[in-house]
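Okay, so here's the structure we're looking at.
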Amino acid sequence: MGSNILRRSSPRRNARVMAWTAVAICAVMLPGGSPTASAKPASQVETSALVPRDLLFRAPTYSELQISPDGKQLAFLHPLNGVLNIWVAPIDDPASAKSVTRFDNRPPDAFQWSADGRFILIQKDVGGEEHNQLWIADPAKQTVINATNDPAVLTKIVKVSKKRPGEILVGMNIRDRRYRDIYRIDLATGQRTEVFRNAPNYIDVVADPDFNIRMGVRGNADGSSTYFRLDPTGPSEFMTIPLASLRNSKIFGLDAKGQLAMLDSRDGDKANLVSVDLATGKKTLLAAAMRADIVEPLLDEESGALLATREDPLVSEWTVRSDTARAEFAALEAAVAGPFRIAGQTPDNARWLLLETVPNRPDRYSWWNRKDRTLTPLLSTRPDLETRALGRRLPVTIAARDGLSLPSYLTLPPGAKLGANGMPVKPVPLVLLVHGGPWLRDDLAFDPQHAWLADRGYAVLSVNFRASGGFGSDFMSKGDRKWSETMHDDLLDGVQWAIDKGVTTKDRVAVMGLSYGGYSTLVSLSFTPDTFQCGVDLAGPSNLVKQVALMPDWWTWQRPQFVNRVGDPSTKEGAADLMRRSPIARVDAITKPLLVTNGANDPRIFPDQSQEIVDAMKARGKPVTYAFYPDEGHVYAKDATNISFAAIAEHFLSKCLDGPAEPYGDDLAGSRVELKAGAAFVPGLEQAFKATGGGAVAGK
């Protein structure tokens, strides 16, 4: 739920795009890291032992690097006592970085510099319930304040502006949990002043650089959103984005001249980059999408001119939009190790920071020197994995049974002997790893789950089934009200493709996924039990009637999207159709082992969804194991949680697919996991729980 059932951080875009937005970076040597953590030579790669789980499932060592607006400081996420915190360093001396936050429970969900660089604006919830609080950090004074200071209130940043450097606009649902009023926050004191009472119940607003609320957005019963221009004489309808275009159309910001920069798919299938005049409504096409939705524009830091746009039809690719950048991009693409995103630009426009996807390695940051046109590796996001042999993630296109092309990704075990077709000479077990959303997507970037499973000897296949995002409105709309039907058929077609290619055999396939991927796991075992040997369900809904009907107050604004894309539980026919596609209605068909996990604070998939199917399977004597985390939400944030569940899942899959498993060691002791069912179904799990000395609770 939220904007998707599964929350996932979106990649940061170049500086002008958040208003267009803001990131640029520099680093030479970060705390605990090497000056240039580039890929290791093959002779230095370790191949003999399993990669330890803690190296794969703890948070990245370096992430979300951002340069301050004055170009003098660098901010980034880096662990402090096992929890990601925000660190700040002089731009030319990152080795002297100091932590400006000391969060000891959960990491920030997002952060950004204030317009003048005096403060860092942080959004972080308390326990996974996703009521993001606004924290304001002052790096100079080493202070951090919670400007929301109410764990029941959700705060969203609405506008950061260079014209109002000491303030920001935020939306807060203090008065009405369903909708947000708009407040101006004084960053030095944290004091808030209400500037817009949201009596019309807008689900969002758009502000200009002077902090005037210029547009309000209303959600409609058909799932569309209507934008109203807020004139002194009253609101007037400006534009409506239909449901089909809603998830690939996005507003970047409104500038001082009244120009609205946005991605817009209303005129066709793919999302184009356009500018819309707020006064006249005139739309100007800036860049037409080529093969997939445009997801990232690159603007010149000095002039603001459009240089290029990025799409990701299967492998991320750039389309040059300016003749002045054509030769530079040709040199850049010849120098990089693989697909890349441009994470930022230095204020002097001299360098771009790239985030590269490196074959067989974690992602890395590199500098592109624009004058010399040279590429310099900067640092690895996970330097501890640089000496490990990791499986390479391969882009493949799979044809669905109705002819639809499904962009997909296959990772093979690093030691597998390959034939002339690039597939294993000897079939290996396969794990079908299903993404969440369902309106998210898989891509080619480093994925620790792919690396982990491949290291254990499994092939890993991720399919962008119909309804996945990034491939146009039509591709997404093909999944409307097709949960458990053609959306699931796409996954089955992916498995059959792997069997036909000799990757695996029909009796050695497991399925695993988070959120919608968890639902797909349950569907796999209850609708098509003969295809899969076992399944791992991470917070998947088992009852679609309850899933759509029972939303938190602060999510009810998007209920029309679910009603129209998934089903309507308020009608007799709609409820019956949703129940027909619910795994809870087909528990009797489940014959294979199931591992389930959920967090107590999950606001997207309530723990009752997991408990209901676990209870139903237990009542029928079916093999089910339930690992419950009382201190987590939907997406597990703590290293100890992720490591402990990976240990349980690894031994579960080892029994199912006969792959190797690293001993439990102390991987369970650091978490607060409670095993509510089925300890005996996972080899060694009861003994591992006892060895924690009470750090975990074993169920019978």
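Going through the structure tokens in order, the chains are called A, B, and so on, while each chain numbers its residues from 1 and the ligands are numbered from 1 in the order shown.
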Check your understanding: range 471-474 of chain A: which residues within 7 Å, counting only C-alpha atoms, same-chain residues fewer than 3 positions away excluded, as a count of residues only?
Key -> 10
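CA of Gln133 in chain A is found 6.9 Å from CA of Asn149 in chain A.
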Would you list, as a compact mmCIF listing (two decimals) with N, CA and C atoms, in the first residue's frame, the residues of range 205-405 of chain A that end up in strand (DSSP E or B) under DSSP run on this structure's backbone?
```txt
# COMPACT_ATOMS: atom_id res chain seq x y z
N VAL A 205 -0.41 18.87 -2.37
CA VAL A 205 -0.39 20.24 -2.84
C VAL A 205 0.93 20.48 -3.57
N VAL A 206 0.97 21.56 -4.37
CA VAL A 206 2.19 22.00 -5.06
C VAL A 206 2.42 23.45 -4.67
N ALA A 207 3.64 23.76 -4.21
CA ALA A 207 3.99 25.11 -3.79
C ALA A 207 5.03 25.70 -4.73
N ILE A 213 0.95 28.22 -1.92
CA ILE A 213 0.32 26.97 -2.33
C ILE A 213 -0.44 27.26 -3.62
N ARG A 214 0.06 26.73 -4.73
CA ARG A 214 -0.49 27.08 -6.04
C ARG A 214 -1.43 26.02 -6.60
N MET A 215 -1.30 24.78 -6.15
CA MET A 215 -2.16 23.72 -6.67
C MET A 215 -2.55 22.77 -5.54
N GLY A 216 -3.75 22.21 -5.66
CA GLY A 216 -4.22 21.16 -4.78
C GLY A 216 -4.64 19.96 -5.60
N VAL A 217 -4.44 18.77 -5.06
CA VAL A 217 -4.71 17.53 -5.79
C VAL A 217 -5.82 16.77 -5.08
N ARG A 218 -6.83 16.40 -5.84
CA ARG A 218 -7.95 15.65 -5.29
C ARG A 218 -8.01 14.27 -5.92
N GLY A 219 -8.15 13.25 -5.09
CA GLY A 219 -8.32 11.89 -5.58
C GLY A 219 -9.77 11.63 -5.94
N SER A 225 -6.49 11.43 -10.48
CA SER A 225 -6.21 12.58 -9.62
C SER A 225 -6.42 13.85 -10.42
N THR A 226 -7.16 14.79 -9.86
CA THR A 226 -7.41 16.08 -10.51
C THR A 226 -6.64 17.17 -9.79
N TYR A 227 -5.89 17.97 -10.57
CA TYR A 227 -5.12 19.08 -10.04
C TYR A 227 -5.93 20.37 -10.21
N PHE A 228 -6.07 21.12 -9.11
CA PHE A 228 -6.78 22.40 -9.13
C PHE A 228 -5.78 23.53 -8.96
N ARG A 229 -5.90 24.52 -9.80
CA ARG A 229 -5.09 25.73 -9.64
C ARG A 229 -5.77 26.59 -8.59
N LEU A 230 -5.00 27.00 -7.57
CA LEU A 230 -5.57 27.75 -6.46
C LEU A 230 -5.33 29.24 -6.67
N ASP A 231 -6.28 29.87 -7.33
CA ASP A 231 -6.22 31.30 -7.62
C ASP A 231 -6.85 32.10 -6.49
N GLY A 234 -10.44 31.60 -6.21
CA GLY A 234 -10.93 30.27 -5.88
C GLY A 234 -10.28 29.20 -6.74
N PRO A 235 -10.49 27.94 -6.40
CA PRO A 235 -9.86 26.86 -7.16
C PRO A 235 -10.52 26.66 -8.52
N SER A 236 -9.69 26.31 -9.51
CA SER A 236 -10.22 25.98 -10.83
C SER A 236 -9.51 24.73 -11.33
N GLU A 237 -10.25 23.84 -11.99
CA GLU A 237 -9.68 22.58 -12.45
C GLU A 237 -8.61 22.85 -13.51
N PHE A 238 -7.44 22.25 -13.32
CA PHE A 238 -6.31 22.49 -14.20
C PHE A 238 -6.01 21.28 -15.08
N MET A 239 -5.88 20.11 -14.49
CA MET A 239 -5.63 18.90 -15.27
C MET A 239 -6.00 17.68 -14.45
N THR A 240 -6.32 16.61 -15.15
CA THR A 240 -6.62 15.34 -14.50
C THR A 240 -5.69 14.27 -15.06
N ILE A 241 -5.06 13.55 -14.17
CA ILE A 241 -4.21 12.43 -14.57
C ILE A 241 -5.02 11.15 -14.34
N LYS A 250 4.61 12.18 -12.98
CA LYS A 250 5.14 12.71 -11.72
C LYS A 250 5.54 14.16 -11.88
N ILE A 251 5.16 14.98 -10.90
CA ILE A 251 5.57 16.39 -10.91
C ILE A 251 6.89 16.53 -10.18
N PHE A 252 7.87 17.19 -10.84
CA PHE A 252 9.15 17.47 -10.22
C PHE A 252 9.09 18.75 -9.39
N GLY A 253 8.39 19.76 -9.90
CA GLY A 253 8.32 21.00 -9.16
C GLY A 253 7.78 22.14 -10.00
N LEU A 254 7.49 23.25 -9.32
CA LEU A 254 6.98 24.46 -9.95
C LEU A 254 8.01 25.56 -9.73
N GLN A 259 6.28 27.53 -14.32
CA GLN A 259 6.42 26.38 -15.20
C GLN A 259 6.49 25.10 -14.35
N LEU A 260 5.60 24.19 -14.69
CA LEU A 260 5.50 22.92 -13.97
C LEU A 260 6.29 21.88 -14.74
N ALA A 261 7.36 21.35 -14.15
CA ALA A 261 8.15 20.30 -14.79
C ALA A 261 7.64 18.95 -14.32
N MET A 262 7.40 18.04 -15.27
CA MET A 262 6.82 16.77 -14.88
C MET A 262 7.08 15.68 -15.91
N LEU A 263 6.94 14.44 -15.46
CA LEU A 263 6.82 13.29 -16.36
C LEU A 263 5.34 13.09 -16.62
N ASP A 264 4.99 12.80 -17.87
CA ASP A 264 3.58 12.81 -18.26
C ASP A 264 3.33 11.74 -19.32
N ASN A 272 6.71 10.88 -20.90
CA ASN A 272 7.58 11.87 -21.51
C ASN A 272 7.94 12.94 -20.50
N LEU A 273 8.99 13.71 -20.80
CA LEU A 273 9.35 14.86 -19.98
C LEU A 273 8.72 16.10 -20.60
N VAL A 274 7.92 16.83 -19.82
CA VAL A 274 7.21 17.99 -20.34
C VAL A 274 7.30 19.15 -19.37
N SER A 275 6.96 20.31 -19.87
CA SER A 275 6.80 21.51 -19.05
C SER A 275 5.39 22.04 -19.31
N VAL A 276 4.68 22.43 -18.24
CA VAL A 276 3.31 22.93 -18.37
C VAL A 276 3.24 24.32 -17.76
N ASP A 277 2.71 25.27 -18.51
CA ASP A 277 2.54 26.63 -18.02
C ASP A 277 1.33 26.69 -17.11
N LYS A 283 1.25 22.93 -22.73
CA LYS A 283 2.23 21.89 -22.45
C LYS A 283 3.28 21.87 -23.54
N THR A 284 4.55 21.82 -23.12
CA THR A 284 5.66 21.77 -24.06
C THR A 284 6.42 20.47 -23.87
N LEU A 285 6.58 19.72 -24.94
CA LEU A 285 7.33 18.47 -24.88
C LEU A 285 8.82 18.78 -24.84
N LEU A 286 9.49 18.32 -23.79
CA LEU A 286 10.93 18.52 -23.66
C LEU A 286 11.71 17.31 -24.15
N ALA A 287 11.16 16.11 -23.93
CA ALA A 287 11.83 14.88 -24.38
C ALA A 287 10.80 13.78 -24.47
N ILE A 294 10.52 7.50 -19.28
CA ILE A 294 11.64 8.30 -18.80
C ILE A 294 11.57 8.30 -17.27
N VAL A 295 12.70 8.04 -16.64
CA VAL A 295 12.73 8.01 -15.18
C VAL A 295 13.67 9.06 -14.60
N GLU A 296 14.55 9.62 -15.43
CA GLU A 296 15.53 10.57 -14.90
C GLU A 296 16.00 11.52 -15.98
N PRO A 297 15.81 12.83 -15.80
CA PRO A 297 16.41 13.80 -16.72
C PRO A 297 17.74 14.30 -16.15
N LEU A 298 18.66 14.64 -17.03
CA LEU A 298 19.93 15.25 -16.63
C LEU A 298 19.97 16.66 -17.18
N LEU A 299 20.08 17.63 -16.27
CA LEU A 299 20.11 19.03 -16.66
C LEU A 299 21.48 19.62 -16.35
N LEU A 306 18.55 20.86 -20.85
CA LEU A 306 18.40 19.41 -20.82
C LEU A 306 19.51 18.75 -21.63
N LEU A 307 20.28 17.86 -20.99
CA LEU A 307 21.37 17.18 -21.67
C LEU A 307 20.99 15.77 -22.12
N ALA A 308 20.28 15.04 -21.25
CA ALA A 308 19.96 13.64 -21.57
C ALA A 308 18.84 13.16 -20.66
N THR A 309 18.25 12.03 -21.03
CA THR A 309 17.25 11.38 -20.19
C THR A 309 17.58 9.90 -20.08
N ARG A 310 17.16 9.30 -18.97
CA ARG A 310 17.42 7.87 -18.75
C ARG A 310 16.12 7.09 -18.75
N GLU A 311 16.15 5.93 -19.40
CA GLU A 311 15.06 4.97 -19.37
C GLU A 311 15.65 3.61 -18.98
N GLU A 317 19.56 2.88 -19.90
CA GLU A 317 20.20 3.51 -21.05
C GLU A 317 19.86 5.00 -21.09
N TRP A 318 20.79 5.76 -21.63
CA TRP A 318 20.64 7.21 -21.73
C TRP A 318 20.38 7.62 -23.18
N THR A 319 19.51 8.59 -23.35
CA THR A 319 19.27 9.20 -24.65
C THR A 319 19.76 10.64 -24.59
N VAL A 320 20.74 10.97 -25.43
CA VAL A 320 21.30 12.32 -25.43
C VAL A 320 20.30 13.28 -26.07
N PHE A 340 24.62 2.82 -15.67
CA PHE A 340 24.92 3.79 -14.62
C PHE A 340 23.79 4.80 -14.49
N ARG A 341 23.73 5.37 -13.30
CA ARG A 341 22.88 6.53 -13.04
C ARG A 341 23.78 7.69 -12.67
N ILE A 342 23.34 8.89 -12.94
CA ILE A 342 24.09 10.07 -12.54
C ILE A 342 23.49 10.55 -11.23
N ALA A 343 24.25 10.33 -10.15
CA ALA A 343 23.74 10.60 -8.82
C ALA A 343 23.88 12.06 -8.42
N GLY A 344 24.74 12.81 -9.09
CA GLY A 344 24.89 14.20 -8.73
C GLY A 344 25.93 14.91 -9.57
N GLN A 345 26.00 16.22 -9.38
CA GLN A 345 26.96 17.06 -10.07
C GLN A 345 27.60 18.01 -9.06
N ARG A 351 32.36 17.94 -12.47
CA ARG A 351 32.33 16.48 -12.34
C ARG A 351 30.91 15.99 -12.15
N TRP A 352 30.67 14.78 -12.64
CA TRP A 352 29.43 14.06 -12.36
C TRP A 352 29.77 12.87 -11.47
N LEU A 353 28.89 12.58 -10.57
CA LEU A 353 29.05 11.38 -9.76
C LEU A 353 28.15 10.29 -10.33
N LEU A 354 28.75 9.17 -10.66
CA LEU A 354 28.00 8.05 -11.24
C LEU A 354 27.80 6.97 -10.19
N LEU A 355 26.68 6.28 -10.28
CA LEU A 355 26.47 5.04 -9.53
C LEU A 355 26.41 3.94 -10.57
N GLU A 356 27.48 3.13 -10.62
CA GLU A 356 27.64 2.11 -11.66
C GLU A 356 27.18 0.74 -11.18
N ARG A 364 29.05 0.64 -7.41
CA ARG A 364 30.11 1.54 -6.95
C ARG A 364 29.86 2.96 -7.46
N TYR A 365 30.37 3.90 -6.70
CA TYR A 365 30.38 5.30 -7.13
C TYR A 365 31.68 5.60 -7.86
N SER A 366 31.57 6.39 -8.92
CA SER A 366 32.76 6.80 -9.67
C SER A 366 32.60 8.27 -10.06
N TRP A 367 33.73 8.94 -10.20
CA TRP A 367 33.72 10.32 -10.67
C TRP A 367 33.95 10.36 -12.18
N TRP A 368 33.18 11.20 -12.85
CA TRP A 368 33.41 11.50 -14.25
C TRP A 368 33.88 12.94 -14.35
N ASN A 369 35.14 13.11 -14.79
CA ASN A 369 35.70 14.44 -14.98
C ASN A 369 35.30 14.95 -16.35
N THR A 374 37.54 11.61 -18.11
CA THR A 374 38.13 10.43 -17.48
C THR A 374 37.23 9.95 -16.36
N LEU A 375 37.23 8.64 -16.15
CA LEU A 375 36.42 8.00 -15.12
C LEU A 375 37.33 7.51 -14.01
N THR A 376 37.02 7.86 -12.77
CA THR A 376 37.81 7.44 -11.62
C THR A 376 36.92 6.75 -10.61
N PRO A 377 37.12 5.44 -10.38
CA PRO A 377 36.33 4.77 -9.34
C PRO A 377 36.53 5.44 -7.99
N LEU A 378 35.44 5.63 -7.26
CA LEU A 378 35.49 6.36 -6.00
C LEU A 378 35.39 5.41 -4.81
N LEU A 379 34.29 4.67 -4.71
CA LEU A 379 34.13 3.75 -3.60
C LEU A 379 33.06 2.73 -3.91
N SER A 380 33.16 1.61 -3.28
CA SER A 380 32.16 0.56 -3.38
C SER A 380 31.11 0.77 -2.30
N ARG A 388 34.89 -11.08 -2.85
CA ARG A 388 34.09 -12.29 -2.94
C ARG A 388 33.65 -12.57 -4.37
N ARG A 393 24.42 -10.99 -12.56
CA ARG A 393 23.00 -10.84 -12.86
C ARG A 393 22.84 -10.53 -14.34
N LEU A 394 22.09 -11.36 -15.04
CA LEU A 394 21.97 -11.25 -16.48
C LEU A 394 20.58 -10.74 -16.89
N PRO A 395 20.52 -9.79 -17.81
CA PRO A 395 19.21 -9.36 -18.32
C PRO A 395 18.72 -10.34 -19.38
N VAL A 396 17.47 -10.77 -19.25
CA VAL A 396 16.87 -11.68 -20.24
C VAL A 396 15.45 -11.21 -20.52
N THR A 397 14.96 -11.48 -21.71
CA THR A 397 13.58 -11.17 -22.06
C THR A 397 12.83 -12.48 -22.26
N ILE A 398 11.71 -12.62 -21.56
CA ILE A 398 10.92 -13.84 -21.59
C ILE A 398 9.58 -13.55 -22.25
N ALA A 399 9.16 -14.40 -23.15
CA ALA A 399 7.87 -14.23 -23.82
C ALA A 399 6.78 -14.90 -22.98
N SER A 405 6.23 -9.34 -23.89
CA SER A 405 7.64 -9.45 -23.51
C SER A 405 7.82 -9.04 -22.06
```
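Residues in contact range of range 537-541 of chain A, defined as at most 7 Å between only C-alpha atoms, with sequence neighbours fewer than 2 positions away removed, read Met512, Gly513, Leu514, Ser515, Tyr516, Gly517, Gly518, Tyr519, Thr521, Leu522, Gly535, Asn543, Leu544, Gln547, Leu595, Val596, Thr597, Asn598, Ile605, Gln609, Ser610 and His634 of chain A.
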Can you write out the residues you just picked, keeping C-alpha atoms, as a short mmCIF file (atom, residue, chain, number, x, y, z; two decimals), in the first residue's frame?
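For reference, out_39.cif as written:
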```cif
data_model
loop_
_atom_site.label_atom_id
_atom_site.label_comp_id
_atom_site.auth_asym_id
_atom_site.auth_seq_id
_atom_site.Cartn_x
_atom_site.Cartn_y
_atom_site.Cartn_z
CA MET A 512 10.08 -16.21 -2.49
CA GLY A 513 9.00 -12.60 -2.24
CA LEU A 514 8.16 -9.58 -0.10
CA SER A 515 4.78 -7.84 0.02
CA TYR A 516 3.11 -8.50 -3.35
CA GLY A 517 5.94 -11.01 -3.80
CA GLY A 518 4.74 -12.65 -0.59
CA TYR A 519 1.22 -12.79 -2.00
CA THR A 521 4.38 -16.97 -2.94
CA LEU A 522 1.06 -17.83 -1.32
CA GLY A 535 7.79 -20.95 -0.59
CA ASN A 543 -6.92 -12.18 2.21
CA LEU A 544 -7.53 -9.58 -0.51
CA GLN A 547 -6.34 -6.01 2.32
CA LEU A 595 7.93 -20.09 5.68
CA VAL A 596 6.18 -16.86 6.72
CA THR A 597 7.48 -13.67 8.33
CA ASN A 598 5.93 -10.34 9.30
CA ILE A 605 0.20 -5.81 5.40
CA GLN A 609 -2.84 -11.44 7.24
CA SER A 610 0.07 -13.73 8.07
CA HIS A 634 6.85 -3.78 6.50
#
```
Excluding same-chain residues fewer than 5 positions from Pro663 in chain A, what lies within 12 Å of it counting only C-alpha atoms, as a short mmCIF file (atom, residue, chain, number, x, y, z; two decimals) with N, CA and C atoms, in the first residue's frame?
```
data_model
loop_
_atom_site.label_atom_id
_atom_site.label_comp_id
_atom_site.auth_asym_id
_atom_site.auth_seq_id
_atom_site.Cartn_x
_atom_site.Cartn_y
_atom_site.Cartn_z
N LEU A 50 31.36 -20.14 1.55
CA LEU A 50 30.13 -19.37 1.41
C LEU A 50 30.36 -17.95 1.89
N VAL A 51 29.74 -17.01 1.20
CA VAL A 51 29.81 -15.62 1.65
C VAL A 51 28.99 -15.50 2.93
N PRO A 52 29.57 -15.01 4.01
CA PRO A 52 28.82 -14.90 5.27
C PRO A 52 27.57 -14.05 5.10
N ARG A 53 26.50 -14.49 5.77
CA ARG A 53 25.23 -13.76 5.66
C ARG A 53 25.35 -12.32 6.13
N SER A 644 19.03 -12.45 10.75
CA SER A 644 18.40 -13.61 11.42
C SER A 644 17.39 -14.29 10.50
N ALA A 646 17.38 -14.24 7.22
CA ALA A 646 18.13 -14.90 6.15
C ALA A 646 18.66 -16.25 6.63
N ALA A 647 19.09 -16.33 7.89
CA ALA A 647 19.58 -17.61 8.43
C ALA A 647 18.46 -18.65 8.44
N ILE A 648 17.27 -18.24 8.90
CA ILE A 648 16.14 -19.17 8.94
C ILE A 648 15.75 -19.59 7.52
N GLU A 650 17.55 -19.57 4.83
CA GLU A 650 18.60 -20.35 4.19
C GLU A 650 18.51 -21.83 4.56
N HIS A 651 18.26 -22.11 5.82
CA HIS A 651 18.15 -23.51 6.24
C HIS A 651 16.83 -24.12 5.76
N SER A 654 17.50 -24.90 2.19
CA SER A 654 18.45 -26.01 2.10
C SER A 654 17.74 -27.36 2.20
N LEU A 668 20.93 -15.45 15.11
CA LEU A 668 19.60 -15.22 15.65
C LEU A 668 19.63 -14.36 16.91
N PRO A 683 15.55 -27.29 9.60
CA PRO A 683 16.65 -28.02 10.23
C PRO A 683 17.48 -27.14 11.17
N GLY A 684 17.68 -27.61 12.38
CA GLY A 684 18.54 -26.95 13.35
C GLY A 684 17.97 -25.71 13.99
N LEU A 685 16.74 -25.35 13.66
CA LEU A 685 16.22 -24.07 14.14
C LEU A 685 15.93 -24.09 15.63
N GLN A 687 17.38 -25.85 17.94
CA GLN A 687 18.65 -25.81 18.65
C GLN A 687 19.27 -24.42 18.58
N ALA A 688 19.15 -23.78 17.42
CA ALA A 688 19.71 -22.43 17.28
C ALA A 688 19.00 -21.45 18.19
#
```
